[in-house]
Amino acid sequence: MSLPDDLPDDAVLTEQGVDLAGARPARLLLIACGALAHEVLALKRLNGWDHMDLKCLPAKLHLYPDRITGEVAAMVEKHRQSYADIFVLYADCGTGGLLQAKCAELGVEMLAGPHCYSFFEGNDAFAAHDDEISAFYLTDFLVRQFDAFVWKPMGLDRHPELRDMIFGNYTKMVHQAQIEDEGLKRQAAAIAERMGLDFEYRFTGYGDLARSMARQP
Amino acid sequence: MSDQEDDIILAELSDDELVLQMHDDLYDGLKDEITEGVNILLGRKWTPYDVLTKALVEGMRIVGIDFRDGILFVPEVLLAANAMKAGMAILKPLLAETGAPRLGRMVIGTVKGDIHDIGKNLVTMMMEGAGFEVTDLGINNPVENYIGALEAQETDILGMSALLTTTMPYMKVVIDTMVEKGMRDDYIVLVGGAPLNEEFAKAIGADSYCRDAAVAVETAKALIAKKHNQMHA
């Protein structure tokens, strides 16, 4: 599937991250999870936010949430002299409040909310889903990178018999779509079938990500 | 595993060799081989308790260390756990009959709003293997479930698990309720789950954060021993 930007492919965003800063630093640096790169670039382009540079850490850091805080902090420290402001495009992302505490200590702002499933839908709307504790969420990026992010790390390519041990308590997979793309929707439905779960499609757009970026000076 | 290893006939191994082979088989998640090994040792008049501790628990301890060190990952641990479960299924009724040493009793469950149980199940299995009697409340437990289970029979340890940043604060609800009821100090409270850390455990008033199942067992043993020492001081 083609994506409307010049990013490296999703496998690179997952494994290595990407540095999209120009030769001369812009005013604001966005330090983001690689899983958000397409969406952040789309918002920059749509809104003409040329004062923002984007550097992404590898999306696969989410497989080791205890490493996220340290990696983000190191990147903030490395670049803070070159930028007037830094905005961290991570939610809590399984850091148990440690990323929030570190960002506060460093004096930089970060996204509100527990994770991208929440802020794409809008944190308030997401929190209102009391009846969705057994939902497994996939954003567009995670649909495209499902095998690299979920299926292979959980060993399901080698040991499919583990499927129900891993997903047995879930009842449905919700594809939270940031863009309208029928091909991606079909791909998500096929993933739900592979997981043995019901499928629900939910268009979210960019949600609180867009609103938070728009608030940046 | 090599062809040579595939050809090993478990029944022909000495006790020591068989136990080491069972450690390897647990590591490789070979359920059928573990079942066979347990039956062979029992047939050689090993006590169920010795089979459990020397073959299975020690094997899982090695798995736990390599998981902690990043050599093994979740799928391998799950396969090892399945293999141990198969062995435990044979041993559990025998252990009850033979009166194996009991270290204490634990109530464990995943908190309200959370359906994740892989870590909790591993802790349950390892605690049972280490000699604790465990009541597993399952997933999505409101505070009433924990309190009810604690009040239902004499218990030493409460274990709570959460995988989500959004659900882990519920552990504090449970602990606060225990404080309100004047029962907090009667129990050792252990908490665990991917987004948790020491600071969080301390902040909510738990006794300890356990980063994995092996740590949970060691922590439980240490705190039980400390409690007994205090009682007898």
# chains A, B, ... in the order shown; residues from 1 in each chain; ligands from 1

$ residues_around --residues "Leu103 in chain B" --least-positions-apart "4" --cutoff "10 Å" --atoms "only C-alpha atoms" --output "JSON, numbers by chain"
{"B": [127, 128, 130, 131, 132, 133, 156, 220, 221, 224, 225]}

$ write_last_selection --atoms "all heavy atoms" --output "PDB file, in the first residue's frame"
ATOM      1  N   MET B 127       4.378 -20.215  42.160  1.00  0.00           N
ATOM      2  CA  MET B 127       4.106 -20.200  43.604  1.00  0.00           C
ATOM      3  C   MET B 127       3.646 -21.588  44.060  1.00  0.00           C
ATOM      4  O   MET B 127       4.066 -22.077  45.110  1.00  0.00           O
ATOM      5  CB  MET B 127       3.032 -19.160  43.936  1.00  0.00           C
ATOM      6  CG  MET B 127       3.478 -17.715  43.795  1.00  0.00           C
ATOM      7  SD  MET B 127       4.698 -17.197  45.010  1.00  0.00           S
ATOM      8  CE  MET B 127       3.699 -17.056  46.476  1.00  0.00           C
ATOM      9  N   GLU B 128       2.784 -22.217  43.264  1.00  0.00           N
ATOM     10  CA  GLU B 128       2.339 -23.578  43.609  1.00  0.00           C
ATOM     11  C   GLU B 128       3.533 -24.519  43.614  1.00  0.00           C
ATOM     12  O   GLU B 128       3.674 -25.364  44.502  1.00  0.00           O
ATOM     13  CB  GLU B 128       1.276 -24.049  42.624  1.00  0.00           C
ATOM     14  CG  GLU B 128      -0.072 -23.384  42.855  1.00  0.00           C
ATOM     15  CD  GLU B 128      -1.145 -23.859  41.892  1.00  0.00           C
ATOM     16  OE1 GLU B 128      -0.797 -24.422  40.827  1.00  0.00           O
ATOM     17  OE2 GLU B 128      -2.322 -23.661  42.186  1.00  0.00           O
ATOM     18  N   ALA B 130       6.514 -23.789  44.249  1.00  0.00           N
ATOM     19  CA  ALA B 130       7.399 -23.494  45.384  1.00  0.00           C
ATOM     20  C   ALA B 130       6.784 -23.921  46.717  1.00  0.00           C
ATOM     21  O   ALA B 130       7.424 -23.813  47.753  1.00  0.00           O
ATOM     22  CB  ALA B 130       7.705 -22.000  45.418  1.00  0.00           C
ATOM     23  N   GLY B 131       5.541 -24.398  46.696  1.00  0.00           N
ATOM     24  CA  GLY B 131       4.952 -24.903  47.927  1.00  0.00           C
ATOM     25  C   GLY B 131       3.878 -24.016  48.533  1.00  0.00           C
ATOM     26  O   GLY B 131       3.476 -24.214  49.680  1.00  0.00           O
ATOM     27  N   PHE B 132       3.407 -23.047  47.769  1.00  0.00           N
ATOM     28  CA  PHE B 132       2.307 -22.210  48.257  1.00  0.00           C
ATOM     29  C   PHE B 132       0.983 -22.756  47.728  1.00  0.00           C
ATOM     30  O   PHE B 132       0.917 -23.259  46.608  1.00  0.00           O
ATOM     31  CB  PHE B 132       2.472 -20.754  47.781  1.00  0.00           C
ATOM     32  CG  PHE B 132       3.588 -20.022  48.472  1.00  0.00           C
ATOM     33  CD1 PHE B 132       4.888 -20.073  47.978  1.00  0.00           C
ATOM     34  CD2 PHE B 132       3.350 -19.298  49.630  1.00  0.00           C
ATOM     35  CE1 PHE B 132       5.925 -19.410  48.617  1.00  0.00           C
ATOM     36  CE2 PHE B 132       4.377 -18.636  50.277  1.00  0.00           C
ATOM     37  CZ  PHE B 132       5.670 -18.685  49.766  1.00  0.00           C
ATOM     38  N   GLU B 133      -0.034 -22.609  48.540  1.00  0.00           N
ATOM     39  CA  GLU B 133      -1.378 -22.940  48.076  1.00  0.00           C
ATOM     40  C   GLU B 133      -1.963 -21.657  47.495  1.00  0.00           C
ATOM     41  O   GLU B 133      -1.932 -20.609  48.169  1.00  0.00           O
ATOM     42  CB  GLU B 133      -2.208 -23.421  49.265  1.00  0.00           C
ATOM     43  CG  GLU B 133      -3.509 -24.079  48.885  1.00  0.00           C
ATOM     44  CD  GLU B 133      -4.292 -24.512  50.119  1.00  0.00           C
ATOM     45  OE1 GLU B 133      -3.656 -24.800  51.157  1.00  0.00           O
ATOM     46  OE2 GLU B 133      -5.513 -24.511  50.044  1.00  0.00           O
ATOM     47  N   ASP B 156      -1.986 -15.759  53.641  1.00  0.00           N
ATOM     48  CA  ASP B 156      -0.785 -15.000  54.007  1.00  0.00           C
ATOM     49  C   ASP B 156      -0.495 -13.864  53.031  1.00  0.00           C
ATOM     50  O   ASP B 156      -0.004 -12.808  53.401  1.00  0.00           O
ATOM     51  CB  ASP B 156       0.435 -15.933  54.013  1.00  0.00           C
ATOM     52  CG  ASP B 156       0.222 -17.109  54.934  1.00  0.00           C
ATOM     53  OD1 ASP B 156       0.240 -16.899  56.150  1.00  0.00           O
ATOM     54  OD2 ASP B 156       0.002 -18.234  54.432  1.00  0.00           O
ATOM     55  N   ALA B 220       8.072 -13.698  48.065  1.00  0.00           N
ATOM     56  CA  ALA B 220       7.077 -14.311  48.956  1.00  0.00           C
ATOM     57  C   ALA B 220       7.771 -15.121  50.044  1.00  0.00           C
ATOM     58  O   ALA B 220       7.427 -15.012  51.231  1.00  0.00           O
ATOM     59  CB  ALA B 220       6.136 -15.202  48.143  1.00  0.00           C
ATOM     60  N   LYS B 221       8.757 -15.910  49.669  1.00  0.00           N
ATOM     61  CA  LYS B 221       9.478 -16.732  50.651  1.00  0.00           C
ATOM     62  C   LYS B 221      10.162 -15.847  51.699  1.00  0.00           C
ATOM     63  O   LYS B 221      10.080 -16.109  52.899  1.00  0.00           O
ATOM     64  CB  LYS B 221      10.547 -17.572  49.948  1.00  0.00           C
ATOM     65  CG  LYS B 221      10.019 -18.808  49.242  1.00  0.00           C
ATOM     66  CD  LYS B 221      11.217 -19.535  48.631  1.00  0.00           C
ATOM     67  CE  LYS B 221      10.837 -20.795  47.928  1.00  0.00           C
ATOM     68  NZ  LYS B 221      11.990 -21.389  47.237  1.00  0.00           N
ATOM     69  N   ILE B 224       7.535 -14.090  53.959  1.00  0.00           N
ATOM     70  CA  ILE B 224       6.909 -15.063  54.872  1.00  0.00           C
ATOM     71  C   ILE B 224       7.876 -15.390  56.016  1.00  0.00           C
ATOM     72  O   ILE B 224       7.487 -15.434  57.191  1.00  0.00           O
ATOM     73  CB  ILE B 224       6.533 -16.355  54.106  1.00  0.00           C
ATOM     74  CG1 ILE B 224       5.309 -16.102  53.223  1.00  0.00           C
ATOM     75  CG2 ILE B 224       6.312 -17.517  55.058  1.00  0.00           C
ATOM     76  CD1 ILE B 224       3.974 -16.305  53.896  1.00  0.00           C
ATOM     77  N   ALA B 225       9.135 -15.613  55.652  1.00  0.00           N
ATOM     78  CA  ALA B 225      10.140 -15.937  56.680  1.00  0.00           C
ATOM     79  C   ALA B 225      10.280 -14.771  57.665  1.00  0.00           C
ATOM     80  O   ALA B 225      10.349 -14.967  58.892  1.00  0.00           O
ATOM     81  CB  ALA B 225      11.478 -16.238  56.011  1.00  0.00           C
TER      82      ALA B 225
END

$ interface_residues --of "chain A" --to "chain B" --cutoff "7 Å" --atoms "only C-alpha atoms" --output "PyMOL selection string"
chain A and resi 94-96+114+133-134+154-155+169

$ write_last_selection --atoms "N, CA and C atoms" --output "PDB file, in the first residue's frame"
ATOM      1  N   GLY A  94       2.827   2.521  28.660  1.00  0.00           N
ATOM      2  CA  GLY A  94       3.284   1.417  29.500  1.00  0.00           C
ATOM      3  C   GLY A  94       4.468   1.741  30.386  1.00  0.00           C
ATOM      4  N   THR A  95       4.791   3.023  30.532  1.00  0.00           N
ATOM      5  CA  THR A  95       5.928   3.379  31.392  1.00  0.00           C
ATOM      6  C   THR A  95       5.491   3.578  32.846  1.00  0.00           C
ATOM      7  N   GLY A  96       4.232   3.425  33.108  1.00  0.00           N
ATOM      8  CA  GLY A  96       3.744   3.511  34.486  1.00  0.00           C
ATOM      9  C   GLY A  96       3.990   4.859  35.132  1.00  0.00           C
ATOM     10  N   PRO A 114      -3.063   7.342  28.089  1.00  0.00           N
ATOM     11  CA  PRO A 114      -2.319   6.118  28.358  1.00  0.00           C
ATOM     12  C   PRO A 114      -1.545   5.572  27.161  1.00  0.00           C
ATOM     13  N   ILE A 133     -13.237  -3.698  27.855  1.00  0.00           N
ATOM     14  CA  ILE A 133     -11.999  -4.209  28.452  1.00  0.00           C
ATOM     15  C   ILE A 133     -11.462  -5.410  27.694  1.00  0.00           C
ATOM     16  N   SER A 134     -12.318  -6.045  26.903  1.00  0.00           N
ATOM     17  CA  SER A 134     -11.833  -7.219  26.176  1.00  0.00           C
ATOM     18  C   SER A 134     -11.589  -6.901  24.697  1.00  0.00           C
ATOM     19  N   MET A 154       5.248 -12.585  19.695  1.00  0.00           N
ATOM     20  CA  MET A 154       4.538 -13.480  20.605  1.00  0.00           C
ATOM     21  C   MET A 154       4.714 -14.944  20.200  1.00  0.00           C
ATOM     22  N   GLY A 155       5.525 -15.174  19.167  1.00  0.00           N
ATOM     23  CA  GLY A 155       5.866 -16.543  18.780  1.00  0.00           C
ATOM     24  C   GLY A 155       4.773 -17.260  18.014  1.00  0.00           C
ATOM     25  N   ASN A 169      -8.671 -14.153  26.269  1.00  0.00           N
ATOM     26  CA  ASN A 169      -9.571 -13.314  27.064  1.00  0.00           C
ATOM     27  C   ASN A 169     -10.143 -12.140  26.275  1.00  0.00           C
TER      28      ASN A 169
END

$ residues_around --residues "range 13-20 of chain A" --least-positions-apart "4" --cutoff "12 Å" --atoms "only C-alpha atoms" --output "MDAnalysis selection string"
chainID A and resid 5:9 24:26 29:38 40:41 50 52:63 71 75 79 141:142 144:150

$ write_last_selection --atoms "N, CA and C atoms" --output "compact mmCIF listing (two decimals), in the first residue's frame"
# COMPACT_ATOMS: atom_id res chain seq x y z
N ASP A 5 3.56 10.03 1.85
CA ASP A 5 4.68 10.80 2.35
C ASP A 5 5.98 10.11 1.93
N ASP A 6 7.09 10.74 2.28
CA ASP A 6 8.37 10.22 1.81
C ASP A 6 9.11 9.45 2.89
N LEU A 7 8.40 8.87 3.80
CA LEU A 7 9.04 8.16 4.90
C LEU A 7 9.68 6.86 4.43
N PRO A 8 10.70 6.39 5.17
CA PRO A 8 11.15 5.03 4.92
C PRO A 8 10.01 4.07 5.23
N ASP A 9 10.15 2.82 4.80
CA ASP A 9 9.01 1.92 5.00
C ASP A 9 8.80 1.61 6.49
N ARG A 24 18.98 22.87 8.78
CA ARG A 24 18.87 23.90 9.83
C ARG A 24 17.69 23.55 10.72
N PRO A 25 17.94 23.41 12.02
CA PRO A 25 16.85 23.03 12.91
C PRO A 25 15.67 24.01 12.83
N ALA A 26 14.48 23.46 12.88
CA ALA A 26 13.28 24.31 12.97
C ALA A 26 13.19 24.81 14.42
N LEU A 29 11.07 20.87 18.10
CA LEU A 29 11.40 19.48 17.77
C LEU A 29 10.31 18.55 18.32
N LEU A 30 9.81 17.70 17.44
CA LEU A 30 8.88 16.65 17.86
C LEU A 30 9.67 15.36 18.00
N ILE A 31 9.68 14.81 19.19
CA ILE A 31 10.31 13.51 19.40
C ILE A 31 9.18 12.49 19.51
N ALA A 32 9.09 11.62 18.50
CA ALA A 32 7.90 10.77 18.41
C ALA A 32 8.26 9.30 18.35
N CYS A 33 7.28 8.48 18.65
CA CYS A 33 7.35 7.05 18.40
C CYS A 33 7.28 6.84 16.89
N GLY A 34 8.08 5.90 16.38
CA GLY A 34 8.06 5.63 14.94
C GLY A 34 6.68 5.24 14.43
N ALA A 35 5.84 4.72 15.31
CA ALA A 35 4.49 4.31 14.91
C ALA A 35 3.61 5.51 14.57
N LEU A 36 4.06 6.71 14.90
CA LEU A 36 3.25 7.92 14.63
C LEU A 36 3.78 8.72 13.45
N ALA A 37 4.86 8.27 12.84
CA ALA A 37 5.55 9.10 11.83
C ALA A 37 4.63 9.52 10.69
N HIS A 38 3.89 8.58 10.13
CA HIS A 38 3.01 8.92 8.99
C HIS A 38 1.98 9.97 9.40
N VAL A 40 2.03 12.11 11.94
CA VAL A 40 2.62 13.41 12.27
C VAL A 40 2.99 14.17 10.99
N LEU A 41 3.58 13.46 10.06
CA LEU A 41 3.93 14.12 8.80
C LEU A 41 2.69 14.59 8.05
N ASP A 50 5.59 24.11 9.32
CA ASP A 50 6.99 23.99 8.90
C ASP A 50 7.97 24.32 10.02
N MET A 52 8.14 22.77 12.67
CA MET A 52 8.34 21.54 13.46
C MET A 52 9.27 20.58 12.73
N ASP A 53 10.28 20.13 13.44
CA ASP A 53 11.12 19.02 12.95
C ASP A 53 10.65 17.74 13.61
N LEU A 54 10.87 16.61 12.93
CA LEU A 54 10.43 15.33 13.48
C LEU A 54 11.59 14.34 13.55
N LYS A 55 11.79 13.81 14.74
CA LYS A 55 12.74 12.70 14.91
C LYS A 55 11.98 11.57 15.61
N CYS A 56 12.08 10.37 15.04
CA CYS A 56 11.32 9.24 15.60
C CYS A 56 12.24 8.18 16.17
N LEU A 57 11.88 7.70 17.34
CA LEU A 57 12.54 6.53 17.92
C LEU A 57 11.90 5.27 17.33
N PRO A 58 12.61 4.15 17.39
CA PRO A 58 12.04 2.91 16.82
C PRO A 58 10.71 2.55 17.49
N ALA A 59 9.72 2.24 16.66
CA ALA A 59 8.41 1.88 17.22
C ALA A 59 8.50 0.63 18.09
N LYS A 60 9.46 -0.23 17.82
CA LYS A 60 9.53 -1.50 18.56
C LYS A 60 9.92 -1.31 20.03
N LEU A 61 10.27 -0.08 20.40
CA LEU A 61 10.51 0.18 21.83
C LEU A 61 9.30 -0.22 22.68
N HIS A 62 8.14 -0.21 22.03
CA HIS A 62 6.93 -0.60 22.77
C HIS A 62 6.95 -2.05 23.23
N LEU A 63 7.82 -2.83 22.64
CA LEU A 63 7.95 -4.21 23.11
C LEU A 63 8.73 -4.26 24.43
N GLU A 71 15.26 6.29 26.55
CA GLU A 71 15.54 6.65 25.15
C GLU A 71 15.01 8.05 24.84
N MET A 75 17.25 11.51 23.98
CA MET A 75 17.06 12.31 22.76
C MET A 75 16.75 13.77 23.11
N HIS A 79 19.29 17.01 21.96
CA HIS A 79 18.87 18.03 21.00
C HIS A 79 18.34 19.32 21.63
N PHE A 141 -0.96 1.95 11.68
CA PHE A 141 0.43 1.49 11.67
C PHE A 141 0.51 0.05 12.17
N LEU A 142 -0.22 -0.24 13.23
CA LEU A 142 -0.14 -1.58 13.81
C LEU A 142 -0.81 -2.63 12.93
N ARG A 144 -0.59 -2.46 9.66
CA ARG A 144 0.46 -2.72 8.66
C ARG A 144 1.62 -3.52 9.25
N GLN A 145 1.90 -3.32 10.52
CA GLN A 145 3.06 -3.96 11.15
C GLN A 145 2.66 -5.06 12.14
N PHE A 146 1.47 -5.61 11.94
CA PHE A 146 0.96 -6.58 12.91
C PHE A 146 1.90 -7.77 13.11
N ASP A 147 2.41 -8.31 12.02
CA ASP A 147 3.28 -9.48 12.15
C ASP A 147 4.55 -9.13 12.91
N ALA A 148 5.14 -7.98 12.57
CA ALA A 148 6.41 -7.59 13.22
C ALA A 148 6.20 -7.22 14.68
N PHE A 149 5.02 -6.67 14.99
CA PHE A 149 4.78 -6.13 16.33
C PHE A 149 4.13 -7.13 17.27
N VAL A 150 3.28 -7.96 16.73
CA VAL A 150 2.48 -8.83 17.60
C VAL A 150 2.73 -10.32 17.28

$ select_by_dssp --residues "range 17-221 of chain B" --states "strand (DSSP E or B)" --output "short mmCIF file (atom, residue, chain, number, x, y, z; two decimals) with all heavy atoms, in the first residue's frame"
data_model
loop_
_atom_site.label_atom_id
_atom_site.label_comp_id
_atom_site.auth_asym_id
_atom_site.auth_seq_id
_atom_site.Cartn_x
_atom_site.Cartn_y
_atom_site.Cartn_z
N GLY B 104 2.73 -21.43 52.64
CA GLY B 104 1.75 -20.39 52.96
C GLY B 104 0.64 -20.41 51.93
O GLY B 104 0.61 -21.25 51.03
N ARG B 105 -0.27 -19.48 52.09
CA ARG B 105 -1.42 -19.44 51.19
C ARG B 105 -1.53 -18.07 50.53
O ARG B 105 -1.34 -17.05 51.18
CB ARG B 105 -2.70 -19.76 51.98
CG ARG B 105 -3.83 -20.11 51.12
CD ARG B 105 -4.97 -20.77 51.89
NE ARG B 105 -6.06 -20.96 50.95
CZ ARG B 105 -6.81 -19.96 50.51
NH1 ARG B 105 -6.66 -18.76 50.97
NH2 ARG B 105 -7.75 -20.19 49.61
N MET B 106 -1.84 -18.08 49.25
CA MET B 106 -1.91 -16.83 48.49
C MET B 106 -3.24 -16.72 47.75
O MET B 106 -3.75 -17.71 47.23
CB MET B 106 -0.77 -16.81 47.46
CG MET B 106 -0.75 -15.57 46.57
SD MET B 106 0.50 -15.72 45.26
CE MET B 106 1.01 -14.01 45.09
N VAL B 107 -3.76 -15.50 47.71
CA VAL B 107 -4.89 -15.18 46.84
C VAL B 107 -4.34 -14.26 45.76
O VAL B 107 -3.62 -13.30 46.06
CB VAL B 107 -6.01 -14.45 47.62
CG1 VAL B 107 -7.00 -13.78 46.68
CG2 VAL B 107 -6.73 -15.43 48.54
N ILE B 108 -4.64 -14.57 44.50
CA ILE B 108 -4.09 -13.76 43.41
C ILE B 108 -5.16 -13.48 42.37
O ILE B 108 -6.08 -14.28 42.17
CB ILE B 108 -2.89 -14.49 42.76
CG1 ILE B 108 -2.12 -13.55 41.82
CG2 ILE B 108 -3.32 -15.75 42.02
CD1 ILE B 108 -0.77 -14.11 41.36
N GLY B 109 -5.08 -12.32 41.72
CA GLY B 109 -6.03 -12.01 40.66
C GLY B 109 -5.62 -10.77 39.89
O GLY B 109 -4.90 -9.92 40.39
N THR B 110 -6.08 -10.69 38.65
CA THR B 110 -5.90 -9.48 37.83
C THR B 110 -6.98 -8.48 38.22
O THR B 110 -8.13 -8.87 38.44
CB THR B 110 -6.02 -9.82 36.34
OG1 THR B 110 -5.05 -10.83 36.01
CG2 THR B 110 -5.79 -8.60 35.47
N VAL B 111 -6.62 -7.21 38.29
CA VAL B 111 -7.55 -6.20 38.84
C VAL B 111 -8.69 -5.86 37.89
O VAL B 111 -8.65 -6.15 36.69
CB VAL B 111 -6.81 -4.90 39.22
CG1 VAL B 111 -5.79 -5.13 40.30
CG2 VAL B 111 -6.19 -4.26 37.99
N PHE B 132 3.41 -23.05 47.77
CA PHE B 132 2.31 -22.21 48.26
C PHE B 132 0.98 -22.76 47.73
O PHE B 132 0.92 -23.26 46.61
CB PHE B 132 2.47 -20.75 47.78
CG PHE B 132 3.59 -20.02 48.47
CD1 PHE B 132 4.89 -20.07 47.98
CD2 PHE B 132 3.35 -19.30 49.63
CE1 PHE B 132 5.93 -19.41 48.62
CE2 PHE B 132 4.38 -18.64 50.28
CZ PHE B 132 5.67 -18.68 49.77
N GLU B 133 -0.03 -22.61 48.54
CA GLU B 133 -1.38 -22.94 48.08
C GLU B 133 -1.96 -21.66 47.50
O GLU B 133 -1.93 -20.61 48.17
CB GLU B 133 -2.21 -23.42 49.26
CG GLU B 133 -3.51 -24.08 48.89
CD GLU B 133 -4.29 -24.51 50.12
OE1 GLU B 133 -3.66 -24.80 51.16
OE2 GLU B 133 -5.51 -24.51 50.04
N VAL B 134 -2.45 -21.71 46.28
CA VAL B 134 -2.87 -20.47 45.61
C VAL B 134 -4.34 -20.53 45.21
O VAL B 134 -4.79 -21.50 44.59
CB VAL B 134 -2.01 -20.21 44.35
CG1 VAL B 134 -2.43 -18.89 43.70
CG2 VAL B 134 -0.53 -20.18 44.70
N THR B 135 -5.08 -19.49 45.57
CA THR B 135 -6.44 -19.31 45.07
C THR B 135 -6.38 -18.26 43.97
O THR B 135 -6.04 -17.11 44.24
CB THR B 135 -7.39 -18.83 46.19
OG1 THR B 135 -7.40 -19.81 47.22
CG2 THR B 135 -8.79 -18.62 45.65
N ASP B 136 -6.67 -18.68 42.75
CA ASP B 136 -6.58 -17.77 41.61
C ASP B 136 -7.97 -17.23 41.29
O ASP B 136 -8.87 -17.97 40.90
CB ASP B 136 -6.01 -18.54 40.41
CG ASP B 136 -5.78 -17.64 39.20
OD1 ASP B 136 -6.23 -16.47 39.21
OD2 ASP B 136 -5.16 -18.12 38.23
N ASN B 141 -11.11 -8.37 38.47
CA ASN B 141 -11.63 -8.51 39.84
C ASN B 141 -11.90 -7.18 40.54
O ASN B 141 -10.98 -6.39 40.75
CB ASN B 141 -10.61 -9.28 40.69
CG ASN B 141 -10.62 -10.76 40.40
OD1 ASN B 141 -11.57 -11.45 40.76
ND2 ASN B 141 -9.60 -11.22 39.71
N ILE B 157 -0.76 -14.14 51.74
CA ILE B 157 -0.31 -13.21 50.70
C ILE B 157 -1.45 -12.84 49.76
O ILE B 157 -2.21 -13.71 49.32
CB ILE B 157 0.82 -13.86 49.86
CG1 ILE B 157 1.98 -14.28 50.76
CG2 ILE B 157 1.30 -12.92 48.76
CD1 ILE B 157 3.01 -15.16 50.06
N LEU B 158 -1.52 -11.56 49.43
CA LEU B 158 -2.41 -11.12 48.36
C LEU B 158 -1.55 -10.68 47.19
O LEU B 158 -0.64 -9.85 47.34
CB LEU B 158 -3.28 -9.93 48.82
CG LEU B 158 -4.08 -9.26 47.69
CD1 LEU B 158 -5.10 -10.22 47.09
CD2 LEU B 158 -4.78 -7.99 48.18
N GLY B 159 -1.82 -11.23 46.01
CA GLY B 159 -1.10 -10.84 44.80
C GLY B 159 -2.05 -10.17 43.83
O GLY B 159 -3.15 -10.67 43.59
N MET B 160 -1.65 -9.02 43.30
CA MET B 160 -2.48 -8.34 42.30
C MET B 160 -1.66 -8.07 41.05
O MET B 160 -0.49 -7.69 41.13
CB MET B 160 -3.02 -7.02 42.86
CG MET B 160 -4.07 -7.21 43.93
SD MET B 160 -4.81 -5.64 44.43
CE MET B 160 -3.54 -4.98 45.50
N SER B 161 -2.32 -8.22 39.89
CA SER B 161 -1.64 -8.06 38.62
C SER B 161 -2.42 -7.09 37.73
O SER B 161 -3.64 -7.04 37.79
CB SER B 161 -1.55 -9.44 37.95
OG SER B 161 -1.07 -9.33 36.64
N ILE B 188 0.65 -9.99 53.42
CA ILE B 188 1.74 -9.50 52.57
C ILE B 188 1.10 -9.19 51.22
O ILE B 188 0.42 -10.04 50.65
CB ILE B 188 2.82 -10.60 52.40
CG1 ILE B 188 3.50 -10.88 53.75
CG2 ILE B 188 3.83 -10.22 51.33
CD1 ILE B 188 4.25 -12.21 53.77
N VAL B 189 1.30 -7.98 50.73
CA VAL B 189 0.69 -7.61 49.45
C VAL B 189 1.79 -7.46 48.39
O VAL B 189 2.69 -6.63 48.52
CB VAL B 189 -0.11 -6.29 49.56
CG1 VAL B 189 -0.69 -5.92 48.19
CG2 VAL B 189 -1.22 -6.42 50.59
N LEU B 190 1.71 -8.31 47.36
CA LEU B 190 2.66 -8.27 46.26
C LEU B 190 1.94 -7.81 45.00
O LEU B 190 0.82 -8.22 44.74
CB LEU B 190 3.26 -9.65 46.01
CG LEU B 190 3.91 -10.36 47.21
CD1 LEU B 190 4.45 -11.72 46.78
CD2 LEU B 190 5.03 -9.50 47.80
N VAL B 191 2.59 -6.95 44.21
CA VAL B 191 1.98 -6.48 42.97
C VAL B 191 2.94 -6.68 41.81
O VAL B 191 4.16 -6.68 41.99
CB VAL B 191 1.56 -4.99 43.06
CG1 VAL B 191 0.46 -4.80 44.08
CG2 VAL B 191 2.75 -4.09 43.39
N GLY B 192 2.36 -6.84 40.61
CA GLY B 192 3.21 -7.04 39.43
C GLY B 192 2.46 -6.70 38.16
O GLY B 192 1.24 -6.52 38.17
N SER B 208 5.66 -5.17 48.16
CA SER B 208 6.74 -5.32 47.19
C SER B 208 6.21 -5.40 45.76
O SER B 208 5.09 -5.87 45.52
CB SER B 208 7.54 -6.60 47.50
OG SER B 208 8.72 -6.63 46.75
N TYR B 209 7.04 -4.93 44.84
CA TYR B 209 6.80 -5.09 43.40
C TYR B 209 7.61 -6.28 42.94
O TYR B 209 8.79 -6.41 43.30
CB TYR B 209 7.24 -3.82 42.67
CG TYR B 209 7.55 -4.03 41.20
CD1 TYR B 209 6.54 -4.29 40.28
CD2 TYR B 209 8.86 -3.94 40.73
CE1 TYR B 209 6.83 -4.48 38.94
CE2 TYR B 209 9.16 -4.12 39.39
CZ TYR B 209 8.15 -4.39 38.50
OH TYR B 209 8.44 -4.58 37.17
#

$ select_by_dssp --residues "range 44-148 of chain B" --states "alpha helix (DSSP H)" --output "PyMOL selection string"
chain B and resi 48-50+58-68+74-98+118-129+143-148

$ closest_residue --among "A:Leu89, A:Leu46, A:Met165, A:Leu156" --to "Phe119 in chain A" --atoms "only C-alpha atoms"
A:Leu89

$ atom_distance --atom1 "CA of Met195 in chain A" --atom2 "CA of Met173 in chain A"
8.3 Å

$ atom_distance --atom1 "CA of Gly205 in chain A" --atom2 "CA of Ile191 in chain A"
20.7 Å

$ residues_around --residues "His175 in chain A" --least-positions-apart "5" --cutoff "10 Å" --atoms "only C-alpha atoms" --output "NGL selection string"
:A and (117 or 136-140 or 142-143 or 184-185 or 187-189 or 191-192 or 199-204)

$ closest_residue --among "A:Gln100, A:Ile166, A:Leu111, A:Leu28" --to "Arg80 in chain A" --atoms "only C-alpha atoms"
A:Leu28
